[in-house]
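Text of the file model.txt, holding compact mmCIF, C-alpha atoms:
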# COMPACT_ATOMS: atom_id res chain seq x y z
CA MET A 1 0.00 0.00 0.00
CA THR A 2 1.37 3.42 -0.94
CA LEU A 3 1.71 6.18 1.67
CA PHE A 4 -1.18 8.01 -0.02
CA LEU A 5 -3.50 5.00 0.15
CA TYR A 6 -2.45 4.28 3.73
CA ARG A 7 -3.29 7.83 4.81
CA ARG A 8 -6.60 7.62 2.91
CA ALA A 9 -7.51 4.39 4.70
CA ILE A 10 -6.68 5.89 8.10
CA LEU A 11 -8.78 8.97 7.36
CA ALA A 12 -11.71 6.81 6.20
CA LEU A 13 -11.49 4.67 9.33
CA GLY A 14 -11.38 7.74 11.53
CA GLY A 15 -14.34 9.23 9.73
CA ALA A 16 -16.34 6.02 10.17
CA MET A 17 -15.52 5.96 13.90
CA LEU A 18 -16.68 9.54 14.27
CA ALA A 19 -19.81 8.90 12.20
CA ALA A 20 -20.89 5.81 14.14
CA PRO A 21 -22.13 7.62 17.29
CA ALA A 22 -23.83 10.26 15.16
CA LEU A 23 -25.56 7.53 13.16
CA ALA A 24 -26.95 5.88 16.27
CA GLN A 25 -28.02 9.21 17.80
CA ALA A 26 -29.88 10.35 14.70
CA TYR A 27 -31.62 7.01 14.18
CA PRO A 28 -34.52 6.68 13.62
CA ASP A 29 -35.70 9.86 11.98
CA ARG A 30 -38.52 8.30 9.94
CA PRO A 31 -40.89 5.29 10.21
CA ILE A 32 -39.44 1.77 10.27
CA ARG A 33 -40.92 -1.08 8.25
CA LEU A 34 -41.19 -4.47 10.02
CA ILE A 35 -41.68 -7.43 7.65
CA ILE A 36 -43.75 -10.26 9.13
CA PRO A 37 -43.23 -13.40 7.01
CA PHE A 38 -46.72 -14.81 7.64
CA PRO A 39 -50.26 -13.57 6.93
CA ALA A 40 -52.25 -11.40 9.30
CA GLY A 41 -54.26 -13.08 12.02
CA GLY A 42 -51.85 -15.85 13.04
CA GLY A 43 -49.70 -16.27 16.13
CA THR A 44 -46.51 -14.88 14.59
CA ASP A 45 -48.45 -11.86 13.37
CA ALA A 46 -49.87 -11.15 16.85
CA GLN A 47 -46.46 -11.39 18.53
CA SER A 48 -44.74 -9.35 15.84
CA ARG A 49 -47.29 -6.53 15.96
CA LEU A 50 -46.91 -6.43 19.72
CA LEU A 51 -43.13 -6.15 19.30
CA ALA A 52 -43.66 -3.37 16.74
CA GLN A 53 -45.71 -1.44 19.31
CA GLY A 54 -43.03 -1.92 21.94
CA LEU A 55 -40.23 -0.79 19.64
CA ALA A 56 -42.23 2.26 18.56
CA GLN A 57 -42.73 3.31 22.18
CA VAL A 58 -39.01 2.99 22.96
CA LEU A 59 -37.65 4.46 19.73
CA GLY A 60 -40.18 7.28 19.51
CA GLN A 61 -40.87 6.49 15.86
CA GLN A 62 -43.63 4.60 14.07
CA VAL A 63 -42.92 0.93 13.32
CA ILE A 64 -45.18 -0.23 10.48
CA ALA A 65 -45.96 -3.95 10.35
CA GLU A 66 -46.09 -5.41 6.84
CA ASN A 67 -47.28 -8.98 6.23
CA ARG A 68 -45.40 -10.79 3.46
CA GLY A 69 -46.67 -14.36 3.84
CA GLY A 70 -46.18 -17.46 1.73
CA ALA A 71 -43.87 -20.44 1.21
CA GLY A 72 -43.37 -21.14 4.91
CA GLY A 73 -42.18 -17.60 5.53
CA SER A 74 -39.64 -17.67 2.69
CA ILE A 75 -41.22 -14.80 0.74
CA GLY A 76 -40.99 -12.42 3.67
CA ALA A 77 -37.48 -13.57 4.57
CA GLU A 78 -36.32 -13.00 0.99
CA ALA A 79 -37.81 -9.49 1.03
CA LEU A 80 -35.84 -8.67 4.16
CA ALA A 81 -32.63 -10.15 2.73
CA ARG A 82 -32.94 -7.86 -0.31
CA ALA A 83 -33.65 -4.68 1.67
CA ALA A 84 -31.16 -1.87 2.19
CA PRO A 85 -29.19 -2.24 5.46
CA ASP A 86 -30.11 1.21 6.73
CA GLY A 87 -32.18 0.22 9.76
CA TYR A 88 -35.48 1.23 8.19
CA THR A 89 -36.43 -2.28 7.08
CA LEU A 90 -36.39 -4.95 9.76
CA GLY A 91 -38.01 -8.38 9.82
CA ILE A 92 -39.05 -11.32 11.93
CA GLY A 93 -37.14 -14.58 11.69
CA THR A 94 -38.80 -17.74 12.99
CA THR A 95 -38.18 -21.43 13.45
CA SER A 96 -39.70 -21.92 10.00
CA THR A 97 -37.71 -19.26 8.13
CA HIS A 98 -34.33 -19.84 9.76
CA ALA A 99 -34.25 -23.47 10.97
CA ILE A 100 -36.75 -25.55 8.97
CA ASN A 101 -36.68 -24.01 5.48
CA PRO A 102 -32.95 -24.66 4.84
CA ALA A 103 -33.65 -28.39 5.09
CA LEU A 104 -37.07 -28.31 3.50
CA TYR A 105 -36.52 -26.29 0.31
CA ARG A 106 -34.17 -27.54 -2.39
CA ARG A 107 -33.72 -24.02 -3.77
CA LEU A 108 -34.05 -21.53 -0.96
CA SER A 109 -33.89 -17.91 -2.10
CA TYR A 110 -31.83 -16.74 0.88
CA ASP A 111 -28.96 -17.94 3.06
CA VAL A 112 -29.76 -17.94 6.77
CA ARG A 113 -26.13 -17.38 7.77
CA ARG A 114 -25.12 -14.84 5.13
CA ASP A 115 -28.15 -12.69 4.29
CA PHE A 116 -29.27 -11.34 7.69
CA THR A 117 -28.01 -9.38 10.68
CA PRO A 118 -29.36 -10.77 13.98
CA ILE A 119 -30.61 -8.16 16.43
CA GLY A 120 -32.15 -10.22 19.22
CA ALA A 121 -34.41 -13.16 20.07
CA TYR A 122 -37.63 -12.06 21.69
CA GLY A 123 -40.02 -15.00 22.11
CA LEU A 124 -40.17 -18.74 22.74
CA GLN A 125 -43.43 -20.65 22.35
CA PRO A 126 -44.55 -24.27 22.15
CA LEU A 127 -47.45 -25.26 19.95
CA VAL A 128 -50.70 -26.76 21.21
CA ILE A 129 -52.80 -29.39 19.51
CA VAL A 130 -56.43 -28.41 19.04
CA VAL A 131 -59.32 -30.45 17.62
CA ARG A 132 -62.74 -29.64 16.24
CA ASN A 133 -65.51 -29.94 18.80
CA GLU A 134 -67.20 -32.86 17.03
CA LEU A 135 -64.10 -35.08 17.02
CA PRO A 136 -64.71 -38.00 19.44
CA ALA A 137 -61.55 -37.45 21.50
CA ARG A 138 -61.86 -35.63 24.81
CA ASN A 139 -58.22 -35.87 25.85
CA LEU A 140 -54.77 -36.59 24.40
CA ALA A 141 -54.87 -40.34 25.07
CA GLU A 142 -58.20 -40.67 23.23
CA PHE A 143 -56.89 -38.56 20.36
CA LEU A 144 -53.76 -40.70 19.95
CA ASP A 145 -55.85 -43.88 20.03
CA LEU A 146 -58.25 -42.49 17.43
CA ALA A 147 -55.46 -41.19 15.18
CA ARG A 148 -53.75 -44.60 15.21
CA ARG A 149 -56.95 -46.33 14.08
CA MET A 150 -58.17 -43.92 11.42
CA GLU A 151 -57.00 -41.07 9.21
CA ILE A 152 -57.28 -37.63 10.81
CA THR A 153 -56.93 -34.42 8.80
CA ALA A 154 -54.37 -31.99 10.24
CA ALA A 155 -54.38 -28.36 9.11
CA SER A 156 -51.22 -26.25 9.09
CA PRO A 157 -50.22 -22.68 8.11
CA GLY A 158 -48.41 -24.12 5.08
CA ASN A 159 -45.92 -26.67 3.84
CA GLY A 160 -42.80 -26.84 5.95
CA THR A 161 -44.11 -24.82 8.89
CA SER A 162 -43.61 -26.11 12.40
CA GLY A 163 -47.30 -27.07 12.49
CA HIS A 164 -46.85 -29.20 9.37
CA LEU A 165 -43.73 -30.92 10.67
CA ALA A 166 -45.19 -31.47 14.14
CA ALA A 167 -47.92 -33.60 12.56
CA ALA A 168 -45.40 -35.46 10.40
CA ILE A 169 -43.12 -36.12 13.37
CA LEU A 170 -46.06 -37.37 15.44
CA ASN A 171 -46.89 -39.87 12.70
CA VAL A 172 -43.37 -41.26 12.98
CA ALA A 173 -43.11 -41.10 16.77
CA ALA A 174 -46.59 -42.36 17.67
CA GLY A 175 -47.84 -44.29 14.64
CA THR A 176 -50.69 -41.88 14.00
CA LYS A 177 -52.36 -41.33 10.61
CA LEU A 178 -52.52 -37.56 10.34
CA ILE A 179 -53.17 -36.30 6.80
CA HIS A 180 -51.64 -32.89 6.13
CA VAL A 181 -53.92 -30.11 4.84
CA PRO A 182 -51.86 -26.95 4.14
CA TYR A 183 -53.30 -23.43 4.22
CA ARG A 184 -51.92 -19.99 3.33
CA GLY A 185 -51.57 -19.02 6.97
CA GLU A 186 -52.70 -19.98 10.46
CA SER A 187 -55.76 -17.75 10.44
CA PHE A 188 -57.18 -19.55 7.38
CA ALA A 189 -56.50 -22.96 8.92
CA ASN A 190 -58.05 -21.80 12.18
CA THR A 191 -61.23 -20.71 10.39
CA ASP A 192 -61.72 -24.14 8.82
CA LEU A 193 -61.02 -25.92 12.10
CA VAL A 194 -63.69 -23.85 13.88
CA ALA A 195 -66.08 -24.68 11.01
CA GLY A 196 -65.32 -28.40 11.41
CA ARG A 197 -63.88 -28.83 7.92
CA VAL A 198 -60.60 -30.27 9.29
CA ASP A 199 -60.04 -32.41 12.38
CA CYS A 200 -57.05 -30.96 14.18
CA MET A 201 -54.16 -28.52 14.03
CA PHE A 202 -50.86 -27.88 15.77
CA ALA A 203 -51.31 -24.17 16.46
CA GLN A 204 -49.72 -21.34 18.35
CA PRO A 205 -51.46 -20.64 21.68
CA THR A 206 -51.88 -17.05 20.52
CA THR A 207 -54.66 -18.07 18.14
CA ALA A 208 -55.79 -21.37 19.64
CA MET A 209 -56.46 -20.50 23.27
CA PRO A 210 -59.04 -17.72 22.75
CA ASN A 211 -61.11 -19.99 20.50
CA ALA A 212 -60.77 -22.90 22.91
CA GLN A 213 -61.82 -20.71 25.83
CA ALA A 214 -64.82 -19.56 23.79
CA GLY A 215 -65.85 -23.19 23.26
CA MET A 216 -65.18 -23.14 19.50
CA MET A 217 -62.56 -25.93 19.60
CA ARG A 218 -60.81 -28.12 22.18
CA VAL A 219 -57.16 -27.87 23.16
CA LEU A 220 -55.63 -31.17 24.27
CA ALA A 221 -51.90 -30.78 24.89
CA THR A 222 -48.73 -28.74 24.46
CA THR A 223 -45.71 -29.73 22.36
CA SER A 224 -43.07 -28.67 24.90
CA ALA A 225 -41.03 -31.25 26.79
CA GLN A 226 -42.35 -30.00 30.14
CA ARG A 227 -45.63 -28.33 30.98
CA SER A 228 -45.62 -24.66 30.14
CA PRO A 229 -45.67 -22.33 33.17
CA LEU A 230 -48.04 -20.15 31.14
CA LEU A 231 -50.34 -23.11 30.33
CA PRO A 232 -49.81 -25.46 33.29
CA GLU A 233 -53.09 -27.29 32.80
CA LEU A 234 -52.03 -28.73 29.44
CA GLN A 235 -50.52 -32.20 29.29
CA THR A 236 -47.42 -32.89 27.18
CA PHE A 237 -47.04 -35.61 24.55
CA GLN A 238 -44.17 -37.07 26.52
CA GLU A 239 -46.48 -37.47 29.52
CA ALA A 240 -48.79 -39.44 27.21
CA GLY A 241 -45.95 -41.81 26.31
CA VAL A 242 -44.74 -40.24 23.04
CA ARG A 243 -41.03 -40.16 23.76
CA ASP A 244 -38.74 -37.40 22.49
CA PHE A 245 -41.61 -35.40 20.99
CA GLU A 246 -40.88 -31.70 21.40
CA VAL A 247 -41.74 -28.82 19.07
CA VAL A 248 -40.98 -25.33 20.36
CA GLY A 249 -40.92 -22.27 18.13
CA TRP A 250 -38.87 -19.10 18.53
CA ASN A 251 -39.03 -15.65 16.98
CA ALA A 252 -36.23 -13.13 16.54
CA LEU A 253 -35.67 -9.65 15.17
CA TYR A 254 -33.34 -9.34 12.17
CA GLY A 255 -32.06 -6.76 9.74
CA PRO A 256 -30.55 -7.31 6.30
CA ALA A 257 -26.90 -8.31 6.05
CA GLY A 258 -24.53 -5.41 6.57
CA LEU A 259 -26.64 -3.54 9.13
CA PRO A 260 -24.15 -1.19 10.87
CA ALA A 261 -23.11 -2.22 14.38
CA PRO A 262 -24.30 1.04 16.02
CA LEU A 263 -27.82 0.42 14.69
CA VAL A 264 -27.73 -3.22 15.81
CA GLU A 265 -26.80 -2.10 19.32
CA ARG A 266 -29.47 0.61 19.32
CA LEU A 267 -32.18 -1.79 18.17
CA ASN A 268 -31.08 -4.54 20.54
CA ARG A 269 -31.31 -2.14 23.50
CA ALA A 270 -34.73 -1.00 22.31
CA MET A 271 -35.98 -4.59 21.96
CA ASN A 272 -34.77 -5.56 25.44
CA GLN A 273 -36.30 -2.44 26.92
CA ALA A 274 -39.62 -3.14 25.19
CA MET A 275 -39.68 -6.68 26.64
CA ARG A 276 -39.50 -5.51 30.26
CA PRO A 277 -42.43 -5.97 32.69
CA GLU A 278 -43.34 -2.30 32.34
CA GLY A 279 -43.37 -2.78 28.56
CA ILE A 280 -44.98 -5.50 26.48
CA LYS A 281 -43.97 -8.53 28.59
CA PRO A 282 -47.38 -8.91 30.30
CA ARG A 283 -49.10 -8.94 26.91
CA MET A 284 -46.56 -11.46 25.58
CA ASP A 285 -47.31 -13.63 28.63
CA ALA A 286 -51.01 -13.43 27.81
CA LEU A 287 -50.23 -14.79 24.33
CA GLY A 288 -48.45 -17.79 25.82
CA VAL A 289 -45.04 -16.46 24.77
CA THR A 290 -41.99 -16.77 27.01
CA PRO A 291 -40.05 -13.52 26.44
CA LEU A 292 -36.36 -13.98 25.72
CA GLY A 293 -34.23 -10.92 25.04
CA GLY A 294 -30.47 -10.82 25.38
CA ALA A 295 -27.52 -10.12 23.11
CA PRO A 296 -27.59 -9.83 19.30
CA ALA A 297 -25.77 -13.17 19.06
CA GLU A 298 -28.64 -15.11 20.65
CA PRO A 299 -30.68 -15.70 17.44
CA THR A 300 -27.60 -17.23 15.80
CA ALA A 301 -27.04 -19.53 18.77
CA LEU A 302 -30.69 -20.59 18.67
CA MET A 303 -30.56 -21.18 14.94
CA GLU A 304 -27.37 -23.25 15.04
CA ARG A 305 -28.86 -25.48 17.75
CA GLU A 306 -32.09 -25.91 15.78
CA LEU A 307 -30.76 -26.49 12.25
CA PRO A 308 -29.55 -30.10 12.83
CA LYS A 309 -32.71 -30.97 14.78
CA TRP A 310 -35.06 -29.83 12.02
CA ALA A 311 -32.93 -31.31 9.25
CA ALA A 312 -33.28 -34.68 10.99
CA ALA A 313 -37.02 -34.10 11.42
CA VAL A 314 -37.47 -33.31 7.73
CA ARG A 315 -35.60 -36.49 6.76
CA ALA A 316 -37.52 -38.64 9.24
CA ALA A 317 -40.85 -37.25 8.10
CA ASP A 318 -39.82 -37.50 4.44
CA VAL A 319 -41.19 -34.09 3.53
CA THR A 320 -39.83 -31.68 0.93
CA ALA A 321 -40.98 -28.49 -0.74
CA ASP A 322 -40.01 -26.71 -3.96

Mind converting the file's structure to structure tokens?
Amino acid sequence: MTLFLYRRAILALGGAMLAAPALAQAYPDRPIRLIIPFPAGGGTDAQSRLLAQGLAQVLGQQVIAENRGGAGGSIGAEALARAAPDGYTLGIGTTSTHAINPALYRRLSYDVRRDFTPIGAYGLQPLVIVVRNELPARNLAEFLDLARRMEITAASPGNGTSGHLAAAILNVAAGTKLIHVPYRGESFANTDLVAGRVDCMFAQPTTAMPNAQAGMMRVLATTSAQRSPLLPELQTFQEAGVRDFEVVGWNALYGPAGLPAPLVERLNRAMNQAMRPEGIKPRMDALGVTPLGGAPAEPTALMERELPKWAAAVRAADVTAD
């Protein structure tokens, strides 16, 4: 490197170091777009909109939720990956978009390790299994017995979602005969379950519990390994003798690749502040979500733990998507 280029590099580095605090202090000076990779009305949508409200309160700027559903969350994830890394387009990453889809799709339009900047993990949530009121199974043991003897239709928010794979894994683990019926989102599947057009669904408590409490469907069990402290009355599949059956979803806040470190730190602090008890935590609790929070590296740690698990689940269930 010539002396001229060396001096130029030093000046550029110094300028960047001086600009970084100014960047964080000025941000945000206009509304932020939050991409939700699933349709409106589902559990991910409810949690994400709640997070958007919390971030807006902390940041003092509007956070506009935008649903970009389809292909197990891949369409929304791709939109985030292609956005400018300026902090004004953020997105939600989920178990489906960042842990299941890499194993499920032969040609995924984004790279989970390369195309995103993790900001923070904000929610952990098991699924629950719900059944239509007319199904002759009043508890989990009766449901498992029925599903081993006859075909049972199982709705899901779409191919490759955690609800889809939960049903496929249960078929392998328990010898049940669940027939997958994919929808374009959880709200659509939920509508048909309430109407009695499908038999059951692995759903997020966010959408399932209000309908169950209103008597529109029955909730039988949770998919966590232990009973949820937020839903202690619900039995687990492992308690019913289905060994090693556990399906727990997580959600995290991401930016596009290349998001500047000062903005990552600013957004991470805002997310953690929003998740406090005086913020949106009580409302997250009411949705059956265990708030997480923590450092920007946490979503990556979660993802790396989950990728091998879901790859094995996809192979065992013999499911693929194009």

* **Contact residues around Pro205 in chain A with only C-alpha atoms at 10 Å, ignoring same-chain residues under 6 positions, as JSON, numbers by chain** => {"A": [42, 43, 125, 126, 127, 128, 129, 130, 211, 212, 219, 222, 231, 286, 287, 288, 289]}

For C-alpha atoms, I'd like the residues from the last selection saved as a PDB file, in the coordinates of the input.
ATOM      1  CA  GLY A  42     -51.850 -15.850  13.040  1.00  0.00           C
ATOM      2  CA  GLY A  43     -49.700 -16.270  16.130  1.00  0.00           C
ATOM      3  CA  GLN A 125     -43.430 -20.650  22.350  1.00  0.00           C
ATOM      4  CA  PRO A 126     -44.550 -24.270  22.150  1.00  0.00           C
ATOM      5  CA  LEU A 127     -47.450 -25.260  19.950  1.00  0.00           C
ATOM      6  CA  VAL A 128     -50.700 -26.760  21.210  1.00  0.00           C
ATOM      7  CA  ILE A 129     -52.800 -29.390  19.510  1.00  0.00           C
ATOM      8  CA  VAL A 130     -56.430 -28.410  19.040  1.00  0.00           C
ATOM      9  CA  ASN A 211     -61.110 -19.990  20.500  1.00  0.00           C
ATOM     10  CA  ALA A 212     -60.770 -22.900  22.910  1.00  0.00           C
ATOM     11  CA  VAL A 219     -57.160 -27.870  23.160  1.00  0.00           C
ATOM     12  CA  THR A 222     -48.730 -28.740  24.460  1.00  0.00           C
ATOM     13  CA  LEU A 231     -50.340 -23.110  30.330  1.00  0.00           C
ATOM     14  CA  ALA A 286     -51.010 -13.430  27.810  1.00  0.00           C
ATOM     15  CA  LEU A 287     -50.230 -14.790  24.330  1.00  0.00           C
ATOM     16  CA  GLY A 288     -48.450 -17.790  25.820  1.00  0.00           C
ATOM     17  CA  VAL A 289     -45.040 -16.460  24.770  1.00  0.00           C
TER      18      VAL A 289
END

* To do: Go through A:Leu59, A:Ala121, A:Val247, A:Leu51 one by one, measure the shortest atom-to-atom distance of each to Arg30 in chain A using all atoms listed in the file, and give the residue with the smallest value.
  => A:Leu59

* Coordinates-based distance that separates CA of Asn251 in chain A from CA of Asn101 in chain A (Å, one decimal) -> 14.4 Å

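The closest residue to Ala274 in chain A, picked from A:Gly294, A:Ala77, A:Ile152, A:Leu108 and counting all atoms listed in the file, is A:Gly294.
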
Taking only residues of range 128-151 of chain A that have an atom at most 9 Å from an atom of range 171-192 of chain A, what is each one's shortest atom pair and its distance in Å to one decimal, using all atoms listed in the file, in chain and number order, as JSON lines?
{"residue": "A:Leu144", "atom": "CA", "partner": "A:Thr176", "partner_atom": "CA", "distance": 6.8}
{"residue": "A:Asp145", "atom": "CA", "partner": "A:Thr176", "partner_atom": "CA", "distance": 8.2}
{"residue": "A:Leu146", "atom": "CA", "partner": "A:Thr176", "partner_atom": "CA", "distance": 8.3}
{"residue": "A:Ala147", "atom": "CA", "partner": "A:Thr176", "partner_atom": "CA", "distance": 5.0}
{"residue": "A:Arg148", "atom": "CA", "partner": "A:Thr176", "partner_atom": "CA", "distance": 4.3}
{"residue": "A:Arg149", "atom": "CA", "partner": "A:Lys177", "partner_atom": "CA", "distance": 7.6}
{"residue": "A:Met150", "atom": "CA", "partner": "A:Lys177", "partner_atom": "CA", "distance": 6.4}
{"residue": "A:Glu151", "atom": "CA", "partner": "A:Lys177", "partner_atom": "CA", "distance": 4.9}

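Nearest residue to Gly158 in chain A among A:Phe202, A:Thr117, A:Asn67, A:Gly249 is A:Phe202, counting all atoms listed in the file.
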
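Proximity to Gly293 in chain A at 8 Å, evaluated using all atoms listed in the file and with sequence-adjacent residues fewer than 2 positions away removed, yields Gly120, Ala121, Tyr122, Gly123, Met271, Asn272, Met275, Pro291 and Ala295 of chain A.
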
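Compared by their closest atoms to Asp29 in chain A, and using all atoms listed in the file, the residues A:Thr94, A:Thr44, A:Gln62, A:Gln53 rank with A:Gln62 nearest.
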
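Using all atoms listed in the file for every distance, the candidate list A:Leu55, A:Val314, A:Met209, A:Ala257 yields A:Ala257 as the residue closest to Pro118 in chain A.
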
* Using only C-alpha atoms, which residue out of A:Leu104, A:Leu135, A:Ala166, A:Leu140 lies closest to Asp199 in chain A? -> A:Leu135

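CA of Ile119 in chain A is found 5.5 Å from CA of Asn268 in chain A.
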
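Close contacts of Pro37 in chain A, defined as residues with an atom at most 8 Å away when counting all atoms listed in the file, with chain neighbours fewer than 2 positions off set aside, comprise Ile35, Pro39, Asn67, Arg68, Gly69, Gly70, Gly73, Ser74, Ile75, Gly76, Ala77, Gly91, Ile92 and Gly93 of chain A.
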
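Atom pair CA of Thr300 in chain A / CA of Pro85 in chain A: separated by 18.3 Å.
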
* **Shell of 9 Å around Glu306 in chain A, only C-alpha atoms, local chain residues under 5 positions omitted, as a ChimeraX atom specification** => /A:95,98-100,301,311

Once you add 3 Å to each side, what are the centre and edge lengths of the axis-aligned box holding all listed atoms of range 297-304 of chain A? One decimal in Å, as AutoDock Vina command-line options, if you can.
--center_x -28.2 --center_y -18.2 --center_z 17.8 --size_x 10.9 --size_y 16.1 --size_z 11.7

* Polymer residues at most 10 Å from (-45.5, -35.6, 25.8) by all atoms listed in the file, as a PyMOL selection string -> chain A and resi 140+221-227+235-246
